[in-house]
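Pasting entry-v7.tsv here (TSV, C-alpha atoms):
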```tsv
chain	number	residue	atom	x	y	z
A	511	MET	CA	176.26	-72.42	-38.13
A	512	LYS	CA	176.44	-75.38	-35.75
A	513	LYS	CA	179.89	-76.35	-37.09
A	514	ASN	CA	181.15	-72.79	-36.50
A	515	VAL	CA	179.99	-72.93	-32.89
A	516	LYS	CA	181.91	-76.18	-32.45
A	517	LYS	CA	184.97	-74.65	-34.12
A	518	ILE	CA	184.81	-71.56	-31.91
A	519	THR	CA	184.49	-73.76	-28.83
A	520	VAL	CA	187.42	-75.97	-29.80
A	521	GLY	CA	189.40	-72.87	-30.80
A	522	GLY	CA	188.76	-71.41	-27.35
A	523	LEU	CA	189.91	-74.64	-25.73
A	524	LEU	CA	193.09	-74.60	-27.82
A	525	ILE	CA	193.75	-70.99	-26.82
A	526	ALA	CA	193.25	-71.98	-23.17
A	527	LEU	CA	195.69	-74.84	-23.68
A	528	ALA	CA	198.16	-72.39	-25.23
A	529	LEU	CA	197.97	-70.40	-21.98
A	530	VAL	CA	198.10	-73.34	-19.58
A	531	LEU	CA	200.95	-75.34	-21.16
A	532	PRO	CA	203.64	-72.64	-20.78
A	533	MET	CA	202.53	-71.98	-17.20
A	534	ALA	CA	202.66	-75.71	-16.43
A	535	PHE	CA	206.20	-75.89	-17.77
A	536	HIS	CA	207.23	-72.95	-15.61
A	537	LEU	CA	205.56	-74.36	-12.48
A	538	THR	CA	207.17	-77.79	-12.82
A	539	GLY	CA	210.59	-76.29	-13.30
A	540	VAL	CA	211.12	-78.45	-16.37
A	541	PRO	CA	213.42	-76.49	-18.66
A	542	GLN	CA	211.84	-75.81	-22.01
A	543	PRO	CA	214.04	-76.88	-24.88
A	544	GLY	CA	215.08	-73.96	-27.03
A	545	GLN	CA	212.19	-71.56	-26.91
A	546	VAL	CA	210.53	-70.02	-23.92
A	547	PHE	CA	207.10	-70.37	-25.55
A	548	LEU	CA	207.38	-73.83	-27.14
A	549	PRO	CA	204.24	-75.14	-25.40
A	550	MET	CA	202.19	-72.36	-26.99
A	551	HIS	CA	203.10	-73.53	-30.50
A	552	ILE	CA	201.59	-77.00	-30.13
A	553	PRO	CA	197.93	-75.96	-29.61
A	554	VAL	CA	198.24	-73.36	-32.38
A	555	LEU	CA	199.54	-75.89	-34.88
A	556	LEU	CA	196.83	-78.33	-33.82
A	557	GLY	CA	194.29	-75.55	-34.40
A	558	GLY	CA	195.28	-75.38	-38.05
A	559	PHE	CA	195.15	-79.14	-38.48
A	560	VAL	CA	191.86	-79.64	-36.68
A	561	LEU	CA	189.94	-76.43	-37.41
A	562	GLY	CA	191.34	-75.38	-40.78
A	563	PRO	CA	193.32	-72.34	-41.90
A	564	VAL	CA	190.94	-69.54	-40.91
A	565	PHE	CA	190.30	-70.71	-37.35
A	566	GLY	CA	193.94	-71.82	-37.06
A	567	PHE	CA	195.00	-68.29	-38.00
A	568	PHE	CA	192.83	-66.78	-35.27
A	569	VAL	CA	193.94	-69.30	-32.63
A	570	GLY	CA	197.53	-68.32	-33.47
A	571	LEU	CA	196.75	-64.62	-33.45
A	572	PHE	CA	194.82	-64.51	-30.18
A	573	SER	CA	196.83	-67.01	-28.09
A	574	PRO	CA	199.84	-64.74	-27.48
A	575	ILE	CA	197.65	-61.65	-26.93
A	576	ILE	CA	195.54	-63.32	-24.25
A	577	SER	CA	198.59	-64.98	-22.70
A	578	SER	CA	200.44	-61.67	-22.55
A	579	VAL	CA	197.51	-59.92	-20.88
A	580	LEU	CA	196.85	-62.68	-18.35
A	581	THR	CA	200.35	-64.00	-17.62
A	582	GLY	CA	202.83	-61.44	-18.94
A	583	MET	CA	204.22	-64.03	-21.38
A	584	PRO	CA	205.24	-63.12	-24.01
A	585	ALA	CA	206.61	-59.71	-23.05
A	586	VAL	CA	204.96	-56.77	-24.78
A	587	GLY	CA	208.06	-56.13	-26.92
A	588	ARG	CA	207.99	-59.66	-28.32
A	589	LEU	CA	204.19	-59.87	-28.63
A	590	PRO	CA	203.71	-58.55	-32.19
A	591	PHE	CA	206.34	-60.92	-33.55
A	592	MET	CA	204.81	-63.94	-31.81
A	593	MET	CA	201.35	-62.95	-33.02
A	594	ILE	CA	202.59	-62.88	-36.60
A	595	GLU	CA	204.56	-66.13	-36.30
A	596	LEU	CA	201.81	-68.12	-34.58
A	597	ALA	CA	199.09	-66.81	-36.90
A	598	VAL	CA	201.16	-68.08	-39.83
A	599	TYR	CA	201.63	-71.43	-38.05
A	600	GLY	CA	197.87	-71.88	-37.71
A	601	LEU	CA	197.11	-70.61	-41.21
A	602	VAL	CA	199.73	-72.64	-43.08
A	603	SER	CA	199.16	-75.89	-41.17
A	604	GLY	CA	195.44	-75.59	-41.98
A	605	LEU	CA	196.04	-74.67	-45.61
A	606	MET	CA	198.50	-77.48	-46.22
A	607	TYR	CA	196.59	-80.17	-44.39
A	608	ASN	CA	192.97	-79.31	-45.20
A	609	THR	CA	192.80	-77.01	-48.23
A	610	PHE	CA	195.71	-78.46	-50.23
A	611	LYS	CA	194.66	-81.99	-49.17
A	612	PHE	CA	197.91	-83.13	-47.60
A	613	ASN	CA	195.67	-85.07	-45.22
A	614	LYS	CA	195.23	-87.53	-48.10
A	615	LYS	CA	198.96	-87.93	-48.80
A	616	LYS	CA	201.44	-90.25	-47.18
A	617	MET	CA	203.48	-88.24	-44.66
A	618	GLY	CA	201.11	-85.32	-45.30
A	619	THR	CA	200.91	-84.44	-41.61
A	620	TYR	CA	204.69	-84.16	-41.37
A	621	ILE	CA	204.96	-82.16	-44.60
A	622	SER	CA	202.21	-79.80	-43.43
A	623	LEU	CA	203.79	-79.40	-40.00
A	624	LEU	CA	207.31	-78.74	-41.28
A	625	THR	CA	206.01	-76.33	-43.93
A	626	ALA	CA	204.03	-74.41	-41.30
A	627	MET	CA	207.05	-74.19	-39.00
A	628	LEU	CA	209.30	-73.05	-41.86
A	629	CYS	CA	206.82	-70.43	-43.08
A	630	GLY	CA	206.29	-69.19	-39.53
A	631	ARG	CA	210.04	-68.73	-39.06
A	632	ILE	CA	210.43	-66.98	-42.40
A	633	VAL	CA	207.61	-64.54	-41.63
A	634	TYR	CA	209.08	-64.06	-38.13
A	635	ALA	CA	212.46	-63.16	-39.68
A	636	ILE	CA	210.79	-60.79	-42.16
A	637	SER	CA	208.86	-59.08	-39.35
A	638	LEU	CA	212.10	-58.61	-37.39
A	639	PHE	CA	213.82	-57.24	-40.49
A	640	VAL	CA	210.99	-54.75	-41.04
A	641	ALA	CA	211.02	-53.73	-37.38
A	642	VAL	CA	214.77	-53.09	-37.36
A	643	ASN	CA	215.38	-51.64	-40.82
A	644	LEU	CA	212.18	-49.83	-41.67
A	645	MET	CA	210.82	-48.88	-38.27
A	646	GLY	CA	214.07	-48.49	-36.31
A	647	ILE	CA	212.93	-50.79	-33.49
A	648	GLN	CA	215.81	-52.53	-31.74
A	649	CYS	CA	214.76	-56.17	-31.39
A	650	GLY	CA	217.74	-58.20	-32.48
A	651	GLY	CA	216.92	-58.29	-36.18
A	652	PRO	CA	216.52	-61.32	-38.41
A	653	ILE	CA	219.51	-62.99	-36.80
A	654	ALA	CA	217.27	-63.43	-33.75
A	655	SER	CA	215.08	-65.70	-35.88
A	656	VAL	CA	218.07	-67.84	-36.85
A	657	THR	CA	219.20	-67.98	-33.22
A	658	ALA	CA	215.70	-68.93	-32.06
A	659	THR	CA	215.48	-71.65	-34.72
A	660	VAL	CA	218.89	-73.12	-33.88
A	661	SER	CA	218.26	-73.04	-30.13
A	662	GLY	CA	214.73	-74.31	-30.76
A	663	VAL	CA	215.76	-77.54	-32.52
A	664	PRO	CA	214.82	-79.66	-29.48
A	665	GLY	CA	211.41	-77.93	-29.45
A	666	ILE	CA	210.97	-78.59	-33.16
A	667	ILE	CA	211.76	-82.26	-32.58
A	668	ILE	CA	209.19	-82.39	-29.76
A	669	GLN	CA	206.55	-80.84	-32.04
A	670	VAL	CA	207.33	-83.35	-34.77
A	671	LEU	CA	206.99	-86.17	-32.23
A	672	ILE	CA	203.76	-84.94	-30.59
A	673	ILE	CA	201.59	-83.29	-33.23
A	674	PRO	CA	201.38	-85.95	-36.00
A	675	PRO	CA	200.31	-88.77	-33.63
A	676	VAL	CA	197.62	-86.52	-32.12
A	677	VAL	CA	196.33	-85.54	-35.58
A	678	TYR	CA	196.49	-89.16	-36.70
A	679	ALA	CA	194.50	-90.30	-33.65
A	680	LEU	CA	191.86	-87.62	-34.27
A	681	GLU	CA	191.62	-88.64	-37.93
A	682	ARG	CA	191.38	-92.36	-37.10
A	683	SER	CA	188.68	-91.75	-34.54
A	684	GLY	CA	186.67	-89.80	-37.11
A	685	TYR	CA	186.50	-86.82	-34.77
A	686	ILE	CA	187.86	-84.32	-37.29
A	687	ASP	CA	185.69	-85.51	-40.18
A	688	ARG	CA	182.55	-85.81	-38.09
A	689	HIS	CA	182.79	-82.40	-36.48
A	690	PHE	CA	184.87	-80.08	-38.60
A	691	ARG	CA	184.93	-80.88	-42.29
A	692	ILE	CA	182.17	-78.85	-43.93
A	693	CYS	CA	182.47	-80.01	-47.52
A	694	LYS	CA	185.10	-80.94	-50.07
A	695	GLY	CA	187.30	-78.05	-51.09
A	696	THR	CA	186.38	-75.88	-48.13
A	697	VAL	CA	188.77	-73.25	-46.83
A	698	ALA	CA	187.29	-72.88	-43.34
```

Show this structure as structure tokens.
Amino acid sequence: MKKNVKKITVGGLLIALALVLPMAFHLTGVPQPGQVFLPMHIPVLLGGFVLGPVFGFFVGLFSPIISSVLTGMPAVGRLPFMMIELAVYGLVSGLMYNTFKFNKKKMGTYISLLTAMLCGRIVYAISLFVAVNLMGIQCGGPIASVTATVSGVPGIIIQVLIIPPVVYALERSGYIDRHFRICKGTVA
């Protein structure tokens, strides 16, 4: 129970960071490479690495909802797609790194990160396909996912440069093991 309270607290802090980072980018006038919501992806991916797949999923699911309500970003029309994409980011990064033990493999952080980003984009494209072809919603279709990925290459590079060193530092300090690993083979 105590570990879950810590996870909920850290999850809340990551959600807050997912709200603050995009606003900070907008306030400073620094153009965001590729994606409008790049800063929101970083705390979500960290949520999967640090908290595991279940909490990572919920950090990814709730971050865009709360951000949309409080800041208007993302727009309501884009919200369901971001919820799906970011939930997959948090889930897959946690599954790869914690459940499938890529934290024990050389380059495991990078493999987990790239797999999470790829899976998130694939699910994003599928959700756009479903919205356009099965539900008749005009949202750009799956080609919007390809466009977002191509224009988001600088953002992807930034994520690859930022996230692994942060995860590595947390692992080296023992912070993740001391506070968040429940037992071997755990999913949460």

For A:Met592, the closest of A:Gln648, A:Thr609, A:Thr625, A:Ser578 counting all atoms listed in the file is A:Ser578

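If all atoms listed in the file are the atoms counted, then among A:Gly521, A:Leu605, A:Leu561, A:Arg631 the closest residue to A:Val660 is A:Arg631.
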
- Task: Name all residues at most 12 Å from A:Asn613 (count all atoms listed in the file; drop same-chain ones fewer than 5 positions away) and give them as an MDAnalysis selection string.
- Result: chainID A and resid 559:560 562 603:608 618:623 674 677:678 680:682 686:687 691

Export of the given selection (C-alpha atoms) as a tab-separated table (two decimals), in the coordinates of the input:
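So the final result, stored in selection.tsv, reads:
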```tsv
chain	number	residue	atom	x	y	z
A	559	PHE	CA	195.15	-79.14	-38.48
A	560	VAL	CA	191.86	-79.64	-36.68
A	562	GLY	CA	191.34	-75.38	-40.78
A	603	SER	CA	199.16	-75.89	-41.17
A	604	GLY	CA	195.44	-75.59	-41.98
A	605	LEU	CA	196.04	-74.67	-45.61
A	606	MET	CA	198.50	-77.48	-46.22
A	607	TYR	CA	196.59	-80.17	-44.39
A	608	ASN	CA	192.97	-79.31	-45.20
A	618	GLY	CA	201.11	-85.32	-45.30
A	619	THR	CA	200.91	-84.44	-41.61
A	620	TYR	CA	204.69	-84.16	-41.37
A	621	ILE	CA	204.96	-82.16	-44.60
A	622	SER	CA	202.21	-79.80	-43.43
A	623	LEU	CA	203.79	-79.40	-40.00
A	674	PRO	CA	201.38	-85.95	-36.00
A	677	VAL	CA	196.33	-85.54	-35.58
A	678	TYR	CA	196.49	-89.16	-36.70
A	680	LEU	CA	191.86	-87.62	-34.27
A	681	GLU	CA	191.62	-88.64	-37.93
A	682	ARG	CA	191.38	-92.36	-37.10
A	686	ILE	CA	187.86	-84.32	-37.29
A	687	ASP	CA	185.69	-85.51	-40.18
A	691	ARG	CA	184.93	-80.88	-42.29
```

If you count all atoms listed in the file, the residue of A:Val564, A:Ile525, A:Ala635, A:Val663 closest to A:Leu601 turns out to be A:Val564

Separating atom CA of A:Cys649 from atom CA of A:His551, to the nearest tenth of an Å, is a gap of 20.9 Å

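Minimum distance to A:Pro532 across A:Gly684, A:Gly566, A:Pro584, A:Gly557 (counting only C-alpha atoms) occurs at A:Pro584.
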
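Nearest to A:Leu555 of all the residues A:Val642, A:Met617, A:Ile576, A:Val598 is A:Val598, counting all atoms listed in the file.
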
Centre, x/y/z edge lengths, axis-aligned box for stretch 611-618 of chain A with 8 Å per side, as JSON:
```
{"center_x": 199.1, "center_y": -86.1, "center_z": -46.9, "size_x": 24.8, "size_y": 24.3, "size_z": 20.5}
```

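Atom pair atom CA of A:Pro675 / atom CA of A:Pro549: separated by 16.4 Å.
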
Query - Residue contacts of A:Leu628 (10 Å, all atoms listed in the file) excluding same-chain residues fewer than 4 positions away, as an MDAnalysis selection string - result: chainID A and resid 598:599 602 622:624 632:634 659

Of A:Ala626, A:Val515, A:Leu527, A:Leu537, the one sitting nearest A:Gln669 when using all atoms listed in the file is A:Ala626

Atom CA of A:Ala597 sits from atom CA of A:Pro664 at a separation of 21.6 Å

Excluding A:Ile518 and its own-chain neighbours fewer than 5 positions away, which residues fall within 9 Å of it when counting only C-alpha atoms? Please give them as a PyMOL selection string. chain A and resi 513+523+561+565

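With distances taken from (199.0, -62.6, -27.1) and restricted to all atoms listed in the file, the residues inside 8 Å are Leu571, Phe572, Ser573, Pro574, Ile575, Ile576, Ser577, Ser578, Val579, Met583, Pro584, Leu589, Met592 and Met593 of chain A.
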